[in-house]
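Shown here: input_12.csv, CSV, C-alpha atoms.
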chain,number,residue,atom,x,y,z
F,1,MET,CA,43.5,1.1,7.1
F,2,LYS,CA,46.0,0.8,4.3
F,3,SER,CA,46.9,-2.6,2.9
F,4,GLN,CA,49.7,-4.3,4.9
F,5,THR,CA,51.9,-7.4,4.6
F,6,ILE,CA,52.8,-9.4,7.7
F,7,ALA,CA,54.9,-12.4,8.3
F,8,GLY,CA,53.7,-15.8,9.7
F,9,GLN,CA,54.8,-19.4,9.6
F,10,ILE,CA,53.5,-22.6,8.1
F,11,VAL,CA,54.1,-25.3,10.7
F,12,GLN,CA,52.3,-28.3,9.4
F,13,LEU,CA,50.5,-29.7,6.3
F,14,ARG,CA,47.7,-32.2,6.4
F,15,ALA,CA,45.7,-34.2,3.9
F,16,VAL,CA,42.9,-36.8,4.0
F,17,PRO,CA,44.0,-40.4,3.3
F,18,SER,CA,41.1,-40.7,0.8
F,19,PRO,CA,38.3,-38.4,-0.4
F,20,ASP,CA,35.7,-40.0,1.9
F,21,HIS,CA,37.7,-39.1,5.0
F,22,PHE,CA,37.1,-35.9,7.1
F,23,ARG,CA,40.1,-36.2,9.4
F,24,THR,CA,43.5,-35.2,8.0
F,25,ALA,CA,46.9,-36.8,8.6
F,26,ILE,CA,50.3,-35.1,8.5
F,27,VAL,CA,52.1,-34.9,5.1
F,28,PRO,CA,55.5,-33.3,4.4
F,29,THR,CA,54.1,-30.9,1.7
F,30,LEU,CA,50.9,-30.2,-0.2
F,31,THR,CA,50.8,-29.6,-3.9
F,32,VAL,CA,47.7,-27.7,-4.9
F,33,ASP,CA,46.2,-26.7,-8.3
F,34,LEU,CA,43.5,-24.1,-8.9
F,35,GLN,CA,40.8,-26.5,-7.7
F,36,GLY,CA,42.5,-27.3,-4.4
F,37,ILE,CA,44.1,-30.5,-3.2
F,38,PRO,CA,43.8,-33.3,-5.7
F,39,GLY,CA,42.1,-36.3,-4.0
F,40,ASP,CA,40.5,-34.2,-1.3
F,41,ARG,CA,36.7,-34.2,-0.7
F,42,HIS,CA,36.7,-30.4,-1.2
F,43,TYR,CA,38.6,-30.5,-4.5
F,44,GLY,CA,36.8,-28.5,-7.2
F,45,PHE,CA,35.7,-25.1,-8.4
F,46,THR,CA,32.2,-26.0,-7.3
F,47,ARG,CA,30.6,-28.0,-4.5
F,48,LYS,CA,27.2,-28.9,-3.2
F,49,ALA,CA,25.4,-26.5,-0.8
F,50,GLY,CA,25.2,-27.8,2.7
F,51,ALA,CA,23.9,-26.9,6.2
F,52,ARG,CA,26.2,-23.8,6.3
F,53,GLU,CA,24.2,-22.3,3.3
F,54,ARG,CA,20.8,-22.4,4.8
F,55,TRP,CA,19.7,-19.9,2.1
F,56,TYR,CA,20.2,-22.5,-0.7
F,57,GLU,CA,18.5,-25.8,-1.3
F,58,ALA,CA,20.7,-28.6,0.0
F,59,GLY,CA,22.7,-30.3,-2.7
F,60,MET,CA,22.6,-27.4,-5.1
F,61,GLU,CA,25.8,-26.9,-7.1
F,62,MET,CA,27.5,-23.7,-6.1
F,63,ARG,CA,30.8,-21.8,-6.2
F,64,SER,CA,33.1,-23.6,-3.8
F,65,GLY,CA,35.3,-21.1,-1.8
F,66,ARG,CA,36.1,-24.0,0.5
F,67,GLN,CA,39.0,-25.7,-1.1
F,68,LEU,CA,41.3,-25.7,1.9
F,69,SER,CA,40.9,-25.3,5.7
F,70,ILE,CA,43.6,-23.3,7.5
F,71,VAL,CA,43.9,-23.1,11.3
F,72,SER,CA,46.3,-21.5,13.7
F,73,VAL,CA,48.2,-23.2,16.6
F,74,GLU,CA,47.5,-20.3,18.9
F,75,GLU,CA,43.7,-20.4,18.2
F,76,LEU,CA,43.4,-24.2,18.6
F,77,THR,CA,45.2,-23.8,22.0
F,78,GLU,CA,42.6,-21.2,23.0
F,79,ILE,CA,39.7,-23.3,21.9
F,80,ALA,CA,41.2,-26.2,24.0
F,81,ARG,CA,41.5,-24.0,27.0
F,82,ARG,CA,37.9,-22.8,26.7
F,83,MET,CA,36.7,-26.4,26.4
F,84,GLU,CA,39.0,-27.6,29.2
F,85,LEU,CA,40.8,-30.1,27.0
F,86,PRO,CA,44.5,-30.9,27.0
F,87,ARG,CA,44.7,-30.2,23.2
F,88,ILE,CA,42.8,-30.2,19.9
F,89,ASP,CA,44.5,-32.0,17.0
F,90,PRO,CA,44.2,-30.0,13.7
F,91,GLY,CA,43.5,-33.3,12.0
F,92,TRP,CA,40.3,-33.9,14.1
F,93,ILE,CA,38.7,-30.9,12.5
F,94,GLY,CA,39.9,-31.5,9.0
F,95,ALA,CA,42.6,-28.8,8.7
F,96,ASN,CA,44.9,-28.8,5.7
F,97,VAL,CA,47.3,-26.1,6.7
F,98,VAL,CA,48.4,-25.1,10.2
F,99,VAL,CA,50.0,-21.7,10.7
F,100,SER,CA,51.5,-19.9,13.6
F,101,GLY,CA,52.5,-16.3,14.5
F,102,ILE,CA,49.5,-14.5,13.0
F,103,PRO,CA,47.4,-12.7,15.7
F,104,ASP,CA,43.6,-13.1,15.3
F,105,PHE,CA,44.2,-15.4,12.4
F,106,THR,CA,40.5,-16.2,11.9
F,107,ARG,CA,39.7,-12.5,11.8
F,108,LEU,CA,41.9,-11.8,8.8
F,109,PRO,CA,39.8,-10.0,6.2
F,110,TRP,CA,38.2,-11.8,3.3
F,111,GLY,CA,40.5,-11.4,0.3
F,112,THR,CA,43.7,-11.6,2.3
F,113,ARG,CA,46.3,-13.4,0.2
F,114,LEU,CA,48.7,-16.0,1.8
F,115,PHE,CA,51.9,-16.3,-0.2
F,116,CYS,CA,53.6,-19.6,0.5
F,117,ASP,CA,57.4,-19.6,0.0
F,118,ASP,CA,57.1,-22.7,-2.2
F,119,GLY,CA,54.8,-21.2,-4.8
F,120,ALA,CA,51.2,-21.6,-3.9
F,121,VAL,CA,49.1,-18.5,-3.2
F,122,LEU,CA,45.8,-18.9,-1.2
F,123,VAL,CA,43.0,-16.4,-0.9
F,124,ASN,CA,41.0,-16.1,2.4
F,125,GLU,CA,37.3,-16.8,1.7
F,126,GLY,CA,36.1,-16.0,5.2
F,127,ASP,CA,36.1,-17.6,8.6
F,128,ASN,CA,35.1,-21.2,8.9
F,129,ALA,CA,31.9,-21.5,11.0
F,130,PRO,CA,32.5,-24.1,13.6
F,131,CYS,CA,29.9,-26.9,13.5
F,132,ARG,CA,28.8,-29.9,15.6
F,133,PHE,CA,30.2,-32.3,13.0
F,134,ALA,CA,33.8,-31.2,13.8
F,135,GLY,CA,32.8,-31.0,17.5
F,136,ALA,CA,31.7,-34.7,17.3
F,137,GLU,CA,35.2,-35.6,16.0
F,138,ILE,CA,36.8,-33.9,19.0
F,139,ALA,CA,34.3,-35.6,21.3
F,140,ARG,CA,35.4,-39.1,20.1
F,141,HIS,CA,38.8,-38.5,21.7
F,142,PHE,CA,37.5,-37.6,25.1
F,143,PRO,CA,34.8,-40.3,25.8
F,144,ASP,CA,34.6,-39.3,29.5
F,145,ARG,CA,33.4,-35.8,28.6
F,146,GLU,CA,29.8,-35.0,27.6
F,147,ARG,CA,28.3,-32.6,25.1
F,148,LEU,CA,31.7,-31.6,23.6
F,149,ASP,CA,30.1,-31.6,20.1
F,150,ILE,CA,27.7,-28.8,21.2
F,151,LEU,CA,30.4,-27.0,23.3
F,152,PHE,CA,32.8,-26.7,20.3
F,153,PRO,CA,30.7,-24.4,18.1
F,154,LYS,CA,30.4,-21.9,20.9
F,155,ALA,CA,34.0,-22.2,22.1
F,156,ALA,CA,35.5,-22.0,18.6
F,157,MET,CA,33.6,-19.0,17.3
F,158,PHE,CA,36.1,-16.8,15.3
F,159,LEU,CA,38.9,-19.2,16.4
F,160,ARG,CA,38.3,-22.1,14.0
F,161,GLY,CA,40.4,-20.7,11.2
F,162,ILE,CA,39.5,-19.8,7.6
F,163,ILE,CA,38.5,-21.4,4.4
F,164,ALA,CA,40.6,-20.6,1.3
F,165,SER,CA,40.8,-21.0,-2.5
F,166,VAL,CA,43.9,-21.4,-4.5
F,167,GLU,CA,44.8,-18.4,-6.6
F,168,ARG,CA,48.2,-19.6,-7.8
F,169,ALA,CA,49.0,-23.4,-8.1
F,170,GLY,CA,52.1,-24.7,-6.5
F,171,ALA,CA,53.6,-26.3,-3.4
F,172,ILE,CA,53.0,-25.6,0.3
F,173,ALA,CA,55.7,-26.6,2.8
F,174,PRO,CA,56.6,-25.7,6.4
F,175,GLY,CA,58.4,-22.4,6.5
F,176,PRO,CA,57.8,-18.6,6.1
F,177,LEU,CA,54.4,-17.3,5.0
F,178,LYS,CA,53.7,-13.8,3.7
F,179,VAL,CA,50.2,-12.5,4.5
F,180,LYS,CA,49.0,-9.6,2.4
F,181,ILE,CA,46.0,-7.9,4.0
F,182,PRO,CA,43.9,-5.6,1.6
F,183,GLU,CA,42.9,-2.1,2.5
F,184,GLN,CA,40.3,-2.3,5.3
F,185,LYS,CA,37.3,0.0,5.7
F,186,LEU,CA,34.0,-0.6,7.6
F,187,TRP,CA,31.1,-0.1,5.3
F,188,THR,CA,28.4,1.8,7.2
F,189,GLY,CA,25.9,2.6,4.5
F,190,GLY,CA,27.4,5.9,3.5
F,191,THR,CA,29.6,7.0,6.4
F,192,LEU,CA,33.0,5.4,6.3
F,193,LEU,CA,34.8,5.0,9.6
O,194,MET,CA,29.5,-4.6,13.0
O,195,LYS,CA,27.0,-7.4,12.7
O,196,SER,CA,26.1,-8.8,9.3
O,197,GLN,CA,23.3,-6.9,7.7
O,198,THR,CA,21.0,-7.1,4.6
O,199,ILE,CA,20.2,-4.0,2.6
O,200,ALA,CA,18.0,-3.3,-0.4
O,201,GLY,CA,19.1,-2.0,-3.8
O,202,GLN,CA,18.0,-2.1,-7.4
O,203,ILE,CA,19.3,-3.6,-10.6
O,204,VAL,CA,18.7,-1.0,-13.3
O,205,GLN,CA,20.5,-2.3,-16.3
O,206,LEU,CA,22.2,-5.4,-17.7
O,207,ARG,CA,25.0,-5.4,-20.3
O,208,ALA,CA,27.0,-7.9,-22.3
O,209,VAL,CA,29.7,-7.8,-24.9
O,210,PRO,CA,28.5,-8.6,-28.5
O,211,SER,CA,31.4,-11.1,-28.8
O,212,PRO,CA,34.3,-12.3,-26.6
O,213,ASP,CA,36.9,-10.0,-28.2
O,214,HIS,CA,34.9,-6.8,-27.2
O,215,PHE,CA,35.6,-4.8,-24.1
O,216,ARG,CA,32.6,-2.4,-24.4
O,217,THR,CA,29.2,-3.9,-23.3
O,218,ALA,CA,25.7,-3.2,-24.8
O,219,ILE,CA,22.4,-3.3,-23.1
O,220,VAL,CA,20.6,-6.6,-22.9
O,221,PRO,CA,17.2,-7.3,-21.3
O,222,THR,CA,18.5,-10.0,-18.9
O,223,LEU,CA,21.7,-12.0,-18.2
O,224,THR,CA,21.8,-15.7,-17.6
O,225,VAL,CA,24.9,-16.7,-15.7
O,226,ASP,CA,26.4,-20.1,-14.7
O,227,LEU,CA,29.1,-20.7,-12.1
O,228,GLN,CA,31.8,-19.6,-14.6
O,229,GLY,CA,30.1,-16.2,-15.4
O,230,ILE,CA,28.5,-15.0,-18.5
O,231,PRO,CA,28.7,-17.5,-21.4
O,232,GLY,CA,30.4,-15.9,-24.4
O,233,ASP,CA,32.1,-13.2,-22.3
O,234,ARG,CA,35.9,-12.6,-22.3
O,235,HIS,CA,35.9,-13.0,-18.5
O,236,TYR,CA,34.0,-16.3,-18.6
O,237,GLY,CA,35.8,-19.1,-16.7
O,238,PHE,CA,36.9,-20.2,-13.2
O,239,THR,CA,40.4,-19.2,-14.2
O,240,ARG,CA,42.0,-16.4,-16.2
O,241,LYS,CA,45.5,-15.1,-17.1
O,242,ALA,CA,47.3,-12.8,-14.8
O,243,GLY,CA,47.6,-9.2,-16.1
O,244,ALA,CA,48.8,-5.8,-15.2
O,245,ARG,CA,46.6,-5.7,-12.1
O,246,GLU,CA,48.5,-8.6,-10.6
O,247,ARG,CA,52.0,-7.2,-10.7
O,248,TRP,CA,53.1,-9.9,-8.2
O,249,TYR,CA,52.5,-12.7,-10.8
O,250,GLU,CA,54.2,-13.3,-14.1
O,251,ALA,CA,52.0,-12.0,-16.9
O,252,GLY,CA,49.9,-14.7,-18.6
O,253,MET,CA,50.1,-17.1,-15.6
O,254,GLU,CA,46.8,-19.1,-15.2
O,255,MET,CA,45.2,-18.0,-11.9
O,256,ARG,CA,41.9,-18.1,-10.0
O,257,SER,CA,39.6,-15.7,-11.8
O,258,GLY,CA,37.5,-13.7,-9.3
O,259,ARG,CA,36.7,-11.3,-12.1
O,260,GLN,CA,33.7,-13.0,-13.9
O,261,LEU,CA,31.4,-9.9,-13.8
O,262,SER,CA,31.9,-6.1,-13.4
O,263,ILE,CA,29.2,-4.3,-11.4
O,264,VAL,CA,28.9,-0.5,-11.2
O,265,SER,CA,26.5,1.9,-9.6
O,266,VAL,CA,24.6,4.8,-11.2
O,267,GLU,CA,25.5,7.1,-8.4
O,268,GLU,CA,29.2,6.4,-8.5
O,269,LEU,CA,29.4,6.8,-12.3
O,270,THR,CA,27.7,10.2,-11.9
O,271,GLU,CA,30.3,11.2,-9.3
O,272,ILE,CA,33.2,10.1,-11.5
O,273,ALA,CA,31.7,12.1,-14.4
O,274,ARG,CA,31.4,15.2,-12.1
O,275,ARG,CA,35.0,14.9,-11.0
O,276,MET,CA,36.2,14.5,-14.7
O,277,GLU,CA,33.9,17.4,-15.8
O,278,LEU,CA,32.1,15.1,-18.3
O,279,PRO,CA,28.4,15.1,-19.0
O,280,ARG,CA,28.2,11.4,-18.4
O,281,ILE,CA,30.0,8.1,-18.3
O,282,ASP,CA,28.3,5.2,-20.1
O,283,PRO,CA,28.5,1.9,-18.1
O,284,GLY,CA,29.2,0.2,-21.4
O,285,TRP,CA,32.4,2.2,-22.1
O,286,ILE,CA,34.1,0.7,-19.0
O,287,GLY,CA,32.8,-2.9,-19.7
O,288,ALA,CA,30.1,-3.1,-16.9
O,289,ASN,CA,27.8,-6.1,-16.9
O,290,VAL,CA,25.4,-5.1,-14.1
O,291,VAL,CA,24.3,-1.5,-13.2
O,292,VAL,CA,22.9,-1.0,-9.7
O,293,SER,CA,21.3,1.9,-7.9
O,294,GLY,CA,20.4,2.8,-4.3
O,295,ILE,CA,23.4,1.3,-2.5
O,296,PRO,CA,25.5,3.9,-0.8
O,297,ASP,CA,29.3,3.5,-1.2
O,298,PHE,CA,28.7,0.6,-3.5
O,299,THR,CA,32.4,0.1,-4.4
O,300,ARG,CA,33.3,0.0,-0.6
O,301,LEU,CA,31.0,-3.0,0.1
O,302,PRO,CA,33.1,-5.6,1.9
O,303,TRP,CA,34.7,-8.5,0.0
O,304,GLY,CA,32.4,-11.5,0.4
O,305,THR,CA,29.2,-9.5,0.3
O,306,ARG,CA,26.5,-11.5,-1.5
O,307,LEU,CA,24.1,-10.0,-4.0
O,308,PHE,CA,20.9,-11.9,-4.3
O,309,CYS,CA,19.1,-11.2,-7.6
O,310,ASP,CA,15.4,-11.7,-7.6
O,311,ASP,CA,15.6,-13.8,-10.7
O,312,GLY,CA,17.9,-16.5,-9.2
O,313,ALA,CA,21.5,-15.6,-9.6
O,314,VAL,CA,23.7,-14.9,-6.5
O,315,LEU,CA,26.9,-13.0,-7.0
O,316,VAL,CA,29.8,-12.7,-4.5
O,317,ASN,CA,31.8,-9.5,-4.2
O,318,GLU,CA,35.5,-10.2,-5.0
O,319,GLY,CA,36.7,-6.7,-4.2
O,320,ASP,CA,36.8,-3.2,-5.7
O,321,ASN,CA,37.7,-2.9,-9.4
O,322,ALA,CA,40.9,-1.0,-9.7
O,323,PRO,CA,40.3,1.7,-12.4
O,324,CYS,CA,42.8,1.5,-15.2
O,325,ARG,CA,44.0,3.6,-18.2
O,326,PHE,CA,42.5,1.0,-20.6
O,327,ALA,CA,39.0,1.9,-19.4
O,328,GLY,CA,40.0,5.6,-19.3
O,329,ALA,CA,41.0,5.4,-23.0
O,330,GLU,CA,37.5,4.1,-23.8
O,331,ILE,CA,36.0,7.1,-22.1
O,332,ALA,CA,38.4,9.4,-23.8
O,333,ARG,CA,37.3,8.1,-27.3
O,334,HIS,CA,33.9,9.8,-26.7
O,335,PHE,CA,35.3,13.2,-25.8
O,336,PRO,CA,37.9,13.8,-28.5
O,337,ASP,CA,38.2,17.5,-27.6
O,338,ARG,CA,39.4,16.6,-24.1
O,339,GLU,CA,43.0,15.7,-23.3
O,340,ARG,CA,44.5,13.1,-20.9
O,341,LEU,CA,41.1,11.7,-19.8
O,342,ASP,CA,42.7,8.2,-19.9
O,343,ILE,CA,45.1,9.3,-17.1
O,344,LEU,CA,42.5,11.3,-15.2
O,345,PHE,CA,40.1,8.4,-15.0
O,346,PRO,CA,42.2,6.1,-12.7
O,347,LYS,CA,42.5,9.0,-10.2
O,348,ALA,CA,38.9,10.2,-10.4
O,349,ALA,CA,37.4,6.7,-10.2
O,350,MET,CA,39.3,5.4,-7.2
O,351,PHE,CA,36.8,3.5,-5.0
O,352,LEU,CA,34.0,4.5,-7.4
O,353,ARG,CA,34.5,2.1,-10.3
O,354,GLY,CA,32.4,-0.7,-8.8
O,355,ILE,CA,33.3,-4.2,-7.9
O,356,ILE,CA,34.3,-7.5,-9.5
O,357,ALA,CA,32.2,-10.5,-8.7
O,358,SER,CA,32.0,-14.3,-9.1
O,359,VAL,CA,28.8,-16.3,-9.5
O,360,GLU,CA,27.9,-18.4,-6.4
O,361,ARG,CA,24.5,-19.6,-7.7
O,362,ALA,CA,23.7,-19.9,-11.4
O,363,GLY,CA,20.5,-18.2,-12.7
O,364,ALA,CA,19.1,-15.1,-14.3
O,365,ILE,CA,19.7,-11.4,-13.5
O,366,ALA,CA,17.0,-8.9,-14.5
O,367,PRO,CA,16.2,-5.3,-13.7
O,368,GLY,CA,14.4,-5.2,-10.3
O,369,PRO,CA,15.0,-5.5,-6.6
O,370,LEU,CA,18.4,-6.7,-5.3
O,371,LYS,CA,19.1,-8.0,-1.8
O,372,VAL,CA,22.6,-7.2,-0.5
O,373,LYS,CA,23.9,-9.3,2.4
O,374,ILE,CA,26.9,-7.8,4.1
O,375,PRO,CA,29.0,-10.1,6.3
O,376,GLU,CA,30.0,-9.2,9.8
O,377,GLN,CA,32.7,-6.5,9.6
O,378,LYS,CA,35.7,-6.1,11.8
O,379,LEU,CA,38.9,-4.2,11.2
O,380,TRP,CA,41.9,-6.6,11.7
O,381,THR,CA,44.6,-4.6,13.5
O,382,GLY,CA,47.1,-7.4,14.3
O,383,GLY,CA,45.7,-8.4,17.6
O,384,THR,CA,43.5,-5.5,18.7
O,385,LEU,CA,40.0,-5.6,17.3
O,386,LEU,CA,38.2,-2.3,16.8

Represent the supplied structure as structure tokens.
Amino acid sequence: MKSQTIAGQIVQLRAVPSPDHFRTAIVPTLTVDLQGIPGDRHYGFTRKAGARERWYEAGMEMRSGRQLSIVSVEELTEIARRMELPRIDPGWIGANVVVSGIPDFTRLPWGTRLFCDDGAVLVNEGDNAPCRFAGAEIARHFPDRERLDILFPKAAMFLRGIIASVERAGAIAPGPLKVKIPEQKLWTGGTLL
Amino acid sequence: MKSQTIAGQIVQLRAVPSPDHFRTAIVPTLTVDLQGIPGDRHYGFTRKAGARERWYEAGMEMRSGRQLSIVSVEELTEIARRMELPRIDPGWIGANVVVSGIPDFTRLPWGTRLFCDDGAVLVNEGDNAPCRFAGAEIARHFPDRERLDILFPKAAMFLRGIIASVERAGAIAPGPLKVKIPEQKLWTGGTLL
């Protein structure tokens, strides 16, 4: 499939009140540089390997790829439906950017560029694997429900949004978003579909 | 398609004699850190935007993604065949790593990880768009042939290898290479194939 550009919307921006926080609160705009969001726990070109990188020793310094977390309104609604919850707040799972109007947002190919109208350009570094840590944050808001922390990783598979790096520094504000999807091919070890 | 791991070979390493050089010469091993190859013109987390990024102003500081250039023996042979040349030396087009045994190497999906036996782990940042600048370097070696600089970008499309970033610092030496390909899906705006 040829490269294509589609339109979406940025509906909300969020940031942590301080670097030791996981949950994010609504802010009017975000200003990012090439290391991400200044003051964020994920700020930096590099980070320490964690549970998601089982193939590395924990704590090893590695390329980041995880500067920002981006989620979609439609996918959070679908996760909530699967978990039989009234809603999932983007802040509970540490989202920085909330978008709308992009079908199968989490499935966008790695390398897809998100051009924000206010200057910043973000690069998709792959889908954000849902974890029990984020599930536990959701569970805190529904104390009468059991095992939500374990349910979340299953319900949110390929719906939990993407992680992204900043390619061009600048501002991110609510408004139009241009999504540029690179040419897509399935690699099949010699035979291209 | 599920994620899969395939085997390949690293057959040659190359580095520039000094940062102002484009052509690379054979070295026994490469030692990379998270910014790439120390002393290389592409070393760094960031770089200046160039002709490949027509959507940015030239010279703007941007996320790099272009720390190393990796090519395959089989694809260079195919480019040479299409251009009716006896051979294309990986050094002429600035390659740092030469691999073998990986079908459709340039088509490997963005995000594919290359695990070198000697410690380094590289991440595929997409196919390397062939340009006239590399074509001109090839042309220098065949002075009796005309317009090779223009022929190269056409002949080398999706055969010119990939650009990569370092995810784990370490050594790269000739020998086995493990290639971990992430789960593949074509994004079709709502309908997944």

Could you list the residues in chain F lying within 7 Å of chain O, using all atoms listed in the file, and format the result as a compact mmCIF listing (two decimals) with C-alpha atoms, keeping the file's coordinate frame?
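Saved the output as selection.txt:
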# COMPACT_ATOMS: atom_id res chain seq x y z
CA LEU F 34 43.50 -24.10 -8.90
CA PHE F 45 35.70 -25.10 -8.40
CA MET F 62 27.50 -23.70 -6.10
CA ARG F 63 30.80 -21.80 -6.20
CA PRO F 103 47.40 -12.70 15.70
CA ASP F 104 43.60 -13.10 15.30
CA ARG F 107 39.70 -12.50 11.80
CA LEU F 108 41.90 -11.80 8.80
CA PRO F 109 39.80 -10.00 6.20
CA TRP F 110 38.20 -11.80 3.30
CA GLY F 111 40.50 -11.40 0.30
CA VAL F 166 43.90 -21.40 -4.50
CA GLU F 167 44.80 -18.40 -6.60
CA ARG F 168 48.20 -19.60 -7.80
CA GLN F 184 40.30 -2.30 5.30
CA LEU F 186 34.00 -0.60 7.60
CA TRP F 187 31.10 -0.10 5.30
CA GLY F 189 25.90 2.60 4.50
CA GLY F 190 27.40 5.90 3.50

Self-check item: Shell of 8 Å around Gly94 of chain F, all atoms listed in the file, local chain residues under 6 positions omitted, as a count of residues only
Solution: 6

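The space separating atom CA of Ile150 of chain F from atom CA of Ala15 of chain F comes to 25.5 Å.
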
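Polymer residues near (19.8, 3.1, -12.8): counting only C-alpha atoms with a cut-off of 7 Å, they are Val204, Gln205, Val266, Val291, Val292 and Ser293 of chain O.
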
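Straight-line separation from atom CA of Gly161 of chain F to atom CA of Glu75 of chain F: 7.7 Å.
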
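Across the structure, atom CA of Lys195 of chain O and atom CA of Lys371 of chain O are spaced 16.5 Å apart.
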
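With distances restricted to all atoms listed in the file, O:Arg234 is the closest residue to Asp213 of chain O from O:Arg234, O:Arg247, O:Cys309, O:Arg274.
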
At most 12 Å is the cut-off: for each residue in segment 251-279 of chain O with any atom that close to an atom of segment 329-341 of chain O, write down the nearest atom pair and the distance in Å rounded to one decimal, counting only C-alpha atoms, chain first then increasing number, as CSV.
residue,atom,partner,partner_atom,distance
O:Leu269,CA,O:Ile331,CA,11.8
O:Ile272,CA,O:Ile331,CA,11.4
O:Ala273,CA,O:Ile331,CA,10.1
O:Arg275,CA,O:Leu341,CA,11.2
O:Met276,CA,O:Leu341,CA,7.6
O:Glu277,CA,O:Arg338,CA,10.0
O:Leu278,CA,O:Phe335,CA,8.4
O:Pro279,CA,O:Phe335,CA,9.9

Have segment 83-100 of chain F completed to N, CA and C atoms, please, and pass it along as a JSON list (two decimals), keeping the file's coordinate frame.
[["chain", "number", "residue", "atom", "x", "y", "z"],
["F", 83, "MET", "N", 37.48, -25.17, 26.27],
["F", 83, "MET", "CA", 36.70, -26.40, 26.40],
["F", 83, "MET", "C", 37.29, -27.31, 27.50],
["F", 84, "GLU", "N", 38.34, -26.81, 28.18],
["F", 84, "GLU", "CA", 39.00, -27.60, 29.20],
["F", 84, "GLU", "C", 39.47, -28.93, 28.74],
["F", 85, "LEU", "N", 40.17, -28.89, 27.59],
["F", 85, "LEU", "CA", 40.80, -30.10, 27.00],
["F", 85, "LEU", "C", 42.27, -29.92, 26.95],
["F", 86, "PRO", "N", 43.04, -31.01, 27.03],
["F", 86, "PRO", "CA", 44.50, -30.90, 27.00],
["F", 86, "PRO", "C", 44.97, -30.36, 25.61],
["F", 87, "ARG", "N", 44.26, -30.71, 24.53],
["F", 87, "ARG", "CA", 44.70, -30.20, 23.20],
["F", 87, "ARG", "C", 43.56, -30.55, 22.18],
["F", 88, "ILE", "N", 43.63, -29.86, 21.05],
["F", 88, "ILE", "CA", 42.80, -30.20, 19.90],
["F", 88, "ILE", "C", 43.72, -30.43, 18.72],
["F", 89, "ASP", "N", 43.66, -31.60, 18.16],
["F", 89, "ASP", "CA", 44.50, -32.00, 17.00],
["F", 89, "ASP", "C", 43.92, -31.34, 15.75],
["F", 90, "PRO", "N", 44.74, -30.63, 14.96],
["F", 90, "PRO", "CA", 44.20, -30.00, 13.70],
["F", 90, "PRO", "C", 43.56, -31.03, 12.80],
["F", 91, "GLY", "N", 44.03, -32.27, 12.87],
["F", 91, "GLY", "CA", 43.50, -33.30, 12.00],
["F", 91, "GLY", "C", 42.05, -33.69, 12.36],
["F", 92, "TRP", "N", 41.69, -33.57, 13.64],
["F", 92, "TRP", "CA", 40.30, -33.90, 14.10],
["F", 92, "TRP", "C", 39.28, -33.04, 13.38],
["F", 93, "ILE", "N", 39.66, -31.78, 13.11],
["F", 93, "ILE", "CA", 38.70, -30.90, 12.50],
["F", 93, "ILE", "C", 38.97, -30.61, 11.04],
["F", 94, "GLY", "N", 39.77, -31.52, 10.44],
["F", 94, "GLY", "CA", 39.90, -31.50, 9.00],
["F", 94, "GLY", "C", 40.81, -30.43, 8.41],
["F", 95, "ALA", "N", 41.72, -29.89, 9.24],
["F", 95, "ALA", "CA", 42.60, -28.80, 8.70],
["F", 95, "ALA", "C", 43.60, -29.34, 7.73],
["F", 96, "ASN", "N", 43.93, -28.51, 6.74],
["F", 96, "ASN", "CA", 44.90, -28.80, 5.70],
["F", 96, "ASN", "C", 46.25, -28.11, 5.97],
["F", 97, "VAL", "N", 46.15, -26.88, 6.48],
["F", 97, "VAL", "CA", 47.30, -26.10, 6.70],
["F", 97, "VAL", "C", 47.26, -25.53, 8.15],
["F", 98, "VAL", "N", 48.37, -25.65, 8.87],
["F", 98, "VAL", "CA", 48.40, -25.10, 10.20],
["F", 98, "VAL", "C", 49.49, -24.04, 10.27],
["F", 99, "VAL", "N", 49.06, -22.85, 10.70],
["F", 99, "VAL", "CA", 50.00, -21.70, 10.70],
["F", 99, "VAL", "C", 50.22, -21.26, 12.15],
["F", 100, "SER", "N", 51.20, -20.39, 12.32],
["F", 100, "SER", "CA", 51.50, -19.90, 13.60],
["F", 100, "SER", "C", 52.07, -18.44, 13.48]]
